[in-house]
Amino acid sequence: PSFSVDEILKDRVANYVVDAFHDAQEKTMASSGKRLKTWHVSDFVSPCLRKAYYTRLYPDYQMDDQKRAVLYFGTIVHEHSKLSGFNEITMCYDLGKDRAYTPQEVGQMDEEQKSDIITGTLDDLIKVGDTYCIVDKKTYNGGYGFKKTTPDASYKLQLEIYRVLLQHSYDIDAPLGCLLYLDKSKDLTETPIVFELESVENTKKKMIDIMNQL
């Protein structure tokens with residue numbers, strides 16, 4: 001006799017598969033490590049600084065399907081696209097004291113000690129000839145012939161802040177930045193945009209101005 005599958009069973013199987021995939025997504029993201037409870041570079045490049053301030057004070061840990069999908073996609077791209085041996089490096093810098101700490105040291109600090117600390121995770125640091133360059137991968141939806149030709153201002157500032165953290169954490173100066181834009185509408189077709197980064201001292205001044213607004 002043939003086996004007849006009713007619609008209720010089909011729905012149960014479908015729901016099971018989707019739930020299992022969501023579990024796999026969350027496990028993948030959890031394996032990438034927990035964020036330190038400090039200011040993050042993303043807070044300093046946010047178009048809404050007040051949102052960054054309240055997000056730090058009142059973090060929202062709820063994860064909907066859309067947020068999970070976006071974070072999962074980014075995690076896969078970053079963790080499986082290493083461009084150099086210096087990859088996914090987390091750095092911590094105290095803007096008030098003008099000095100770096102290791103993530104382990106910051107993890108032992110109380111809230112007051114961390115009040116001026118900024119944490120950032122650099123995608124990749126490459127060296128071409130004698131010049132260091134900070135590389136960050138960014139996905140976007142092209143479509144209709146749209147192609148990135150200039151760096152987004154917020155992403156440029158992000159790399160400039162990484163330059164500050166990198167110099168203080170590893171005594172390495174990287175005068176160049178490269179945003180590797182990956183077009184999700186075209187199977188992650190690559191568009192690398194290379195540019196000069198603002199000086200460390202000028203970026204520090206900008207960071208102080210932003211900190212005063214947070």
# chains A, B, ... in the order shown; residues from 1 in each chain; ligands from 1

$ select_by_dssp --residues "stretch 74-203 of chain A" --states "strand (DSSP E or B)" --output "PyMOL selection string"
chain A and resi 86-94+99-101+117-128+131-140+176-183+189-196

$ select_by_dssp --residues "stretch 136-173 of chain A" --states "helix (DSSP H, G or I)" --output "ChimeraX atom specification"
/A:153-170

$ residues_around --residues "A:Tyr162" --least-positions-apart "3" --cutoff "9 Å" --atoms "only C-alpha atoms" --output "ChimeraX atom specification"
/A:41,91,120-122,134,157-159,165-167

$ write_last_selection --atoms "all heavy atoms" --output "PDB file, in the first residue's frame"
ATOM      1  N   VAL A  41      33.310  50.326  17.706  1.00  0.00           N
ATOM      2  CA  VAL A  41      33.550  51.199  16.554  1.00  0.00           C
ATOM      3  C   VAL A  41      32.243  51.486  15.822  1.00  0.00           C
ATOM      4  O   VAL A  41      32.012  52.594  15.350  1.00  0.00           O
ATOM      5  CB  VAL A  41      34.589  50.566  15.606  1.00  0.00           C
ATOM      6  CG1 VAL A  41      34.713  51.371  14.318  1.00  0.00           C
ATOM      7  CG2 VAL A  41      35.949  50.460  16.295  1.00  0.00           C
ATOM      8  N   MET A  91      40.532  44.543  18.999  1.00  0.00           N
ATOM      9  CA  MET A  91      41.428  45.506  19.640  1.00  0.00           C
ATOM     10  C   MET A  91      40.619  46.423  20.551  1.00  0.00           C
ATOM     11  O   MET A  91      39.465  46.740  20.265  1.00  0.00           O
ATOM     12  CB  MET A  91      42.152  46.344  18.578  1.00  0.00           C
ATOM     13  CG  MET A  91      42.911  45.525  17.552  1.00  0.00           C
ATOM     14  SD  MET A  91      43.469  46.513  16.131  1.00  0.00           S
ATOM     15  CE  MET A  91      41.900  46.864  15.313  1.00  0.00           C
ATOM     16  N   GLY A 120      36.998  47.245  18.669  1.00  0.00           N
ATOM     17  CA  GLY A 120      36.724  47.004  17.260  1.00  0.00           C
ATOM     18  C   GLY A 120      37.401  45.728  16.805  1.00  0.00           C
ATOM     19  O   GLY A 120      38.460  45.365  17.311  1.00  0.00           O
ATOM     20  N   THR A 121      36.783  45.053  15.849  1.00  0.00           N
ATOM     21  CA  THR A 121      37.357  43.831  15.289  1.00  0.00           C
ATOM     22  C   THR A 121      37.672  44.063  13.822  1.00  0.00           C
ATOM     23  O   THR A 121      36.771  44.265  13.002  1.00  0.00           O
ATOM     24  CB  THR A 121      36.402  42.641  15.442  1.00  0.00           C
ATOM     25  OG1 THR A 121      36.128  42.435  16.843  1.00  0.00           O
ATOM     26  CG2 THR A 121      37.014  41.368  14.875  1.00  0.00           C
ATOM     27  N   LEU A 122      38.943  44.043  13.528  1.00  0.00           N
ATOM     28  CA  LEU A 122      39.437  44.304  12.176  1.00  0.00           C
ATOM     29  C   LEU A 122      39.291  43.049  11.315  1.00  0.00           C
ATOM     30  O   LEU A 122      39.673  41.962  11.730  1.00  0.00           O
ATOM     31  CB  LEU A 122      40.899  44.742  12.282  1.00  0.00           C
ATOM     32  CG  LEU A 122      41.696  45.122  11.049  1.00  0.00           C
ATOM     33  CD1 LEU A 122      42.758  46.148  11.445  1.00  0.00           C
ATOM     34  CD2 LEU A 122      42.372  43.891  10.460  1.00  0.00           C
ATOM     35  N   ILE A 134      44.267  48.216   5.670  1.00  0.00           N
ATOM     36  CA  ILE A 134      43.165  47.615   6.422  1.00  0.00           C
ATOM     37  C   ILE A 134      42.036  47.298   5.439  1.00  0.00           C
ATOM     38  O   ILE A 134      41.592  48.171   4.688  1.00  0.00           O
ATOM     39  CB  ILE A 134      42.658  48.569   7.515  1.00  0.00           C
ATOM     40  CG1 ILE A 134      43.763  48.829   8.541  1.00  0.00           C
ATOM     41  CG2 ILE A 134      41.417  48.001   8.199  1.00  0.00           C
ATOM     42  CD1 ILE A 134      43.431  49.942   9.517  1.00  0.00           C
ATOM     43  N   LEU A 157      35.221  56.025   7.858  1.00  0.00           N
ATOM     44  CA  LEU A 157      35.535  56.389   9.233  1.00  0.00           C
ATOM     45  C   LEU A 157      35.807  55.143  10.072  1.00  0.00           C
ATOM     46  O   LEU A 157      36.700  55.142  10.930  1.00  0.00           O
ATOM     47  CB  LEU A 157      34.381  57.195   9.842  1.00  0.00           C
ATOM     48  CG  LEU A 157      34.522  57.582  11.316  1.00  0.00           C
ATOM     49  CD1 LEU A 157      35.792  58.381  11.561  1.00  0.00           C
ATOM     50  CD2 LEU A 157      33.288  58.365  11.783  1.00  0.00           C
ATOM     51  N   GLN A 158      35.070  54.083   9.828  1.00  0.00           N
ATOM     52  CA  GLN A 158      35.286  52.824  10.558  1.00  0.00           C
ATOM     53  C   GLN A 158      36.725  52.352  10.392  1.00  0.00           C
ATOM     54  O   GLN A 158      37.400  52.006  11.369  1.00  0.00           O
ATOM     55  CB  GLN A 158      34.321  51.760  10.038  1.00  0.00           C
ATOM     56  CG  GLN A 158      34.477  50.395  10.698  1.00  0.00           C
ATOM     57  CD  GLN A 158      33.533  49.362  10.100  1.00  0.00           C
ATOM     58  OE1 GLN A 158      32.642  49.688   9.318  1.00  0.00           O
ATOM     59  NE2 GLN A 158      33.736  48.116  10.450  1.00  0.00           N
ATOM     60  N   LEU A 159      37.230  52.361   9.166  1.00  0.00           N
ATOM     61  CA  LEU A 159      38.597  51.918   8.916  1.00  0.00           C
ATOM     62  C   LEU A 159      39.614  52.888   9.509  1.00  0.00           C
ATOM     63  O   LEU A 159      40.692  52.470   9.953  1.00  0.00           O
ATOM     64  CB  LEU A 159      38.835  51.736   7.414  1.00  0.00           C
ATOM     65  CG  LEU A 159      38.579  50.307   6.886  1.00  0.00           C
ATOM     66  CD1 LEU A 159      37.130  49.888   7.147  1.00  0.00           C
ATOM     67  CD2 LEU A 159      38.886  50.222   5.388  1.00  0.00           C
ATOM     68  N   LEU A 165      43.269  52.132  16.521  1.00  0.00           N
ATOM     69  CA  LEU A 165      43.343  50.974  17.414  1.00  0.00           C
ATOM     70  C   LEU A 165      44.526  50.086  17.062  1.00  0.00           C
ATOM     71  O   LEU A 165      45.220  49.554  17.947  1.00  0.00           O
ATOM     72  CB  LEU A 165      42.046  50.168  17.342  1.00  0.00           C
ATOM     73  CG  LEU A 165      40.907  50.598  18.287  1.00  0.00           C
ATOM     74  CD1 LEU A 165      40.484  52.045  18.051  1.00  0.00           C
ATOM     75  CD2 LEU A 165      39.698  49.671  18.131  1.00  0.00           C
ATOM     76  N   LEU A 166      44.772  49.922  15.769  1.00  0.00           N
ATOM     77  CA  LEU A 166      45.859  49.064  15.312  1.00  0.00           C
ATOM     78  C   LEU A 166      47.216  49.624  15.718  1.00  0.00           C
ATOM     79  O   LEU A 166      48.090  48.883  16.188  1.00  0.00           O
ATOM     80  CB  LEU A 166      45.790  48.922  13.782  1.00  0.00           C
ATOM     81  CG  LEU A 166      46.874  48.077  13.113  1.00  0.00           C
ATOM     82  CD1 LEU A 166      46.736  46.612  13.510  1.00  0.00           C
ATOM     83  CD2 LEU A 166      46.780  48.224  11.588  1.00  0.00           C
ATOM     84  N   GLN A 167      47.390  50.915  15.558  1.00  0.00           N
ATOM     85  CA  GLN A 167      48.675  51.520  15.912  1.00  0.00           C
ATOM     86  C   GLN A 167      48.962  51.372  17.404  1.00  0.00           C
ATOM     87  O   GLN A 167      50.083  51.055  17.807  1.00  0.00           O
ATOM     88  CB  GLN A 167      48.711  52.996  15.516  1.00  0.00           C
ATOM     89  CG  GLN A 167      50.093  53.623  15.716  1.00  0.00           C
ATOM     90  CD  GLN A 167      50.102  55.101  15.392  1.00  0.00           C
ATOM     91  OE1 GLN A 167      49.538  55.912  16.113  1.00  0.00           O
ATOM     92  NE2 GLN A 167      50.751  55.462  14.289  1.00  0.00           N
TER      93      GLN A 167
END

$ residues_around --residues "A:Asn87" --least-positions-apart "6" --cutoff "8 Å" --atoms "only C-alpha atoms" --output "PyMOL selection string"
chain A and resi 122-125

$ write_last_selection --atoms "all heavy atoms" --output "mmCIF file, in the first residue's frame"
data_model
loop_
_atom_site.group_PDB
_atom_site.id
_atom_site.type_symbol
_atom_site.label_atom_id
_atom_site.label_comp_id
_atom_site.auth_asym_id
_atom_site.auth_seq_id
_atom_site.Cartn_x
_atom_site.Cartn_y
_atom_site.Cartn_z
ATOM 1 N N LEU A 122 38.943 44.043 13.528
ATOM 2 C CA LEU A 122 39.437 44.304 12.176
ATOM 3 C C LEU A 122 39.291 43.049 11.315
ATOM 4 O O LEU A 122 39.673 41.962 11.730
ATOM 5 C CB LEU A 122 40.899 44.742 12.282
ATOM 6 C CG LEU A 122 41.696 45.122 11.049
ATOM 7 C CD1 LEU A 122 42.758 46.148 11.445
ATOM 8 C CD2 LEU A 122 42.372 43.891 10.460
ATOM 9 N N ASP A 123 38.722 43.204 10.109
ATOM 10 C CA ASP A 123 38.541 42.051 9.216
ATOM 11 C C ASP A 123 39.888 41.455 8.827
ATOM 12 O O ASP A 123 40.181 40.303 9.142
ATOM 13 C CB ASP A 123 37.816 42.489 7.938
ATOM 14 C CG ASP A 123 36.312 42.395 8.071
ATOM 15 O OD1 ASP A 123 35.830 42.281 9.201
ATOM 16 O OD2 ASP A 123 35.618 42.450 7.043
ATOM 17 N N ASP A 124 40.675 42.239 8.089
ATOM 18 C CA ASP A 124 41.961 41.746 7.604
ATOM 19 C C ASP A 124 42.960 42.892 7.518
ATOM 20 O O ASP A 124 42.596 44.026 7.177
ATOM 21 C CB ASP A 124 41.832 41.133 6.202
ATOM 22 C CG ASP A 124 41.036 39.855 6.193
ATOM 23 O OD1 ASP A 124 41.619 38.794 6.496
ATOM 24 O OD2 ASP A 124 39.832 39.914 5.884
ATOM 25 N N LEU A 125 44.210 42.572 7.807
ATOM 26 C CA LEU A 125 45.317 43.502 7.581
ATOM 27 C C LEU A 125 46.244 42.843 6.570
ATOM 28 O O LEU A 125 46.733 41.739 6.795
ATOM 29 C CB LEU A 125 46.085 43.796 8.873
ATOM 30 C CG LEU A 125 47.264 44.761 8.721
ATOM 31 C CD1 LEU A 125 46.767 46.176 8.465
ATOM 32 C CD2 LEU A 125 48.158 44.726 9.959
#

$ closest_residue --among "A:Asp94, A:Glu88, A:Glu198, A:Glu79" --to "A:Ala153" --atoms "only C-alpha atoms"
A:Glu198

$ residues_around --residues "A:Leu180" --least-positions-apart "5" --cutoff "8 Å" --atoms "only C-alpha atoms" --output "list in words"
Val135, Asp136, Lys137, Lys138, Glu190, Thr191, Pro192 and Ile193 of chain A

$ write_last_selection --atoms "all heavy atoms" --output "PDB file, in the first residue's frame"
ATOM      1  N   VAL A 135      41.585  46.053   5.452  1.00  0.00           N
ATOM      2  CA  VAL A 135      40.544  45.614   4.519  1.00  0.00           C
ATOM      3  C   VAL A 135      39.285  45.239   5.291  1.00  0.00           C
ATOM      4  O   VAL A 135      39.360  44.574   6.326  1.00  0.00           O
ATOM      5  CB  VAL A 135      41.013  44.397   3.689  1.00  0.00           C
ATOM      6  CG1 VAL A 135      39.944  44.009   2.667  1.00  0.00           C
ATOM      7  CG2 VAL A 135      42.332  44.701   2.990  1.00  0.00           C
ATOM      8  N   ASP A 136      38.145  45.676   4.773  1.00  0.00           N
ATOM      9  CA  ASP A 136      36.871  45.310   5.383  1.00  0.00           C
ATOM     10  C   ASP A 136      35.917  44.877   4.280  1.00  0.00           C
ATOM     11  O   ASP A 136      35.818  45.532   3.237  1.00  0.00           O
ATOM     12  CB  ASP A 136      36.275  46.486   6.158  1.00  0.00           C
ATOM     13  CG  ASP A 136      35.288  46.017   7.221  1.00  0.00           C
ATOM     14  OD1 ASP A 136      35.749  45.687   8.331  1.00  0.00           O
ATOM     15  OD2 ASP A 136      34.080  45.971   6.948  1.00  0.00           O
ATOM     16  N   LYS A 137      35.234  43.768   4.506  1.00  0.00           N
ATOM     17  CA  LYS A 137      34.302  43.241   3.517  1.00  0.00           C
ATOM     18  C   LYS A 137      32.890  43.728   3.821  1.00  0.00           C
ATOM     19  O   LYS A 137      32.430  43.640   4.955  1.00  0.00           O
ATOM     20  CB  LYS A 137      34.356  41.711   3.516  1.00  0.00           C
ATOM     21  CG  LYS A 137      35.729  41.157   3.131  1.00  0.00           C
ATOM     22  CD  LYS A 137      35.822  39.653   3.286  1.00  0.00           C
ATOM     23  CE  LYS A 137      36.061  39.219   4.713  1.00  0.00           C
ATOM     24  NZ  LYS A 137      37.434  39.460   5.184  1.00  0.00           N
ATOM     25  N   LYS A 138      32.218  44.229   2.788  1.00  0.00           N
ATOM     26  CA  LYS A 138      30.861  44.741   2.933  1.00  0.00           C
ATOM     27  C   LYS A 138      29.968  44.169   1.837  1.00  0.00           C
ATOM     28  O   LYS A 138      30.306  44.238   0.655  1.00  0.00           O
ATOM     29  CB  LYS A 138      30.842  46.275   2.832  1.00  0.00           C
ATOM     30  CG  LYS A 138      31.704  46.999   3.855  1.00  0.00           C
ATOM     31  CD  LYS A 138      31.184  46.822   5.272  1.00  0.00           C
ATOM     32  CE  LYS A 138      31.997  47.654   6.267  1.00  0.00           C
ATOM     33  NZ  LYS A 138      31.571  47.401   7.679  1.00  0.00           N
ATOM     34  N   GLU A 190      32.950  41.017  -6.813  1.00  0.00           N
ATOM     35  CA  GLU A 190      33.799  41.888  -5.994  1.00  0.00           C
ATOM     36  C   GLU A 190      34.037  43.247  -6.647  1.00  0.00           C
ATOM     37  O   GLU A 190      34.282  43.340  -7.845  1.00  0.00           O
ATOM     38  CB  GLU A 190      35.166  41.225  -5.762  1.00  0.00           C
ATOM     39  CG  GLU A 190      35.110  39.783  -5.310  1.00  0.00           C
ATOM     40  CD  GLU A 190      35.167  38.805  -6.460  1.00  0.00           C
ATOM     41  OE1 GLU A 190      34.888  39.215  -7.614  1.00  0.00           O
ATOM     42  OE2 GLU A 190      35.495  37.629  -6.223  1.00  0.00           O
ATOM     43  N   THR A 191      33.980  44.302  -5.811  1.00  0.00           N
ATOM     44  CA  THR A 191      34.398  45.641  -6.214  1.00  0.00           C
ATOM     45  C   THR A 191      35.283  46.193  -5.096  1.00  0.00           C
ATOM     46  O   THR A 191      34.789  46.656  -4.070  1.00  0.00           O
ATOM     47  CB  THR A 191      33.201  46.583  -6.428  1.00  0.00           C
ATOM     48  OG1 THR A 191      32.365  46.061  -7.458  1.00  0.00           O
ATOM     49  CG2 THR A 191      33.675  47.980  -6.835  1.00  0.00           C
ATOM     50  N   PRO A 192      36.616  46.129  -5.264  1.00  0.00           N
ATOM     51  CA  PRO A 192      37.514  46.684  -4.239  1.00  0.00           C
ATOM     52  C   PRO A 192      37.720  48.180  -4.457  1.00  0.00           C
ATOM     53  O   PRO A 192      37.990  48.626  -5.574  1.00  0.00           O
ATOM     54  CB  PRO A 192      38.814  45.909  -4.472  1.00  0.00           C
ATOM     55  CG  PRO A 192      38.796  45.575  -5.925  1.00  0.00           C
ATOM     56  CD  PRO A 192      37.346  45.431  -6.339  1.00  0.00           C
ATOM     57  N   ILE A 193      37.559  48.964  -3.405  1.00  0.00           N
ATOM     58  CA  ILE A 193      37.793  50.412  -3.473  1.00  0.00           C
ATOM     59  C   ILE A 193      38.878  50.758  -2.463  1.00  0.00           C
ATOM     60  O   ILE A 193      38.710  50.566  -1.257  1.00  0.00           O
ATOM     61  CB  ILE A 193      36.500  51.196  -3.187  1.00  0.00           C
ATOM     62  CG1 ILE A 193      35.438  50.853  -4.240  1.00  0.00           C
ATOM     63  CG2 ILE A 193      36.773  52.699  -3.181  1.00  0.00           C
ATOM     64  CD1 ILE A 193      34.106  51.549  -4.021  1.00  0.00           C
TER      65      ILE A 193
END
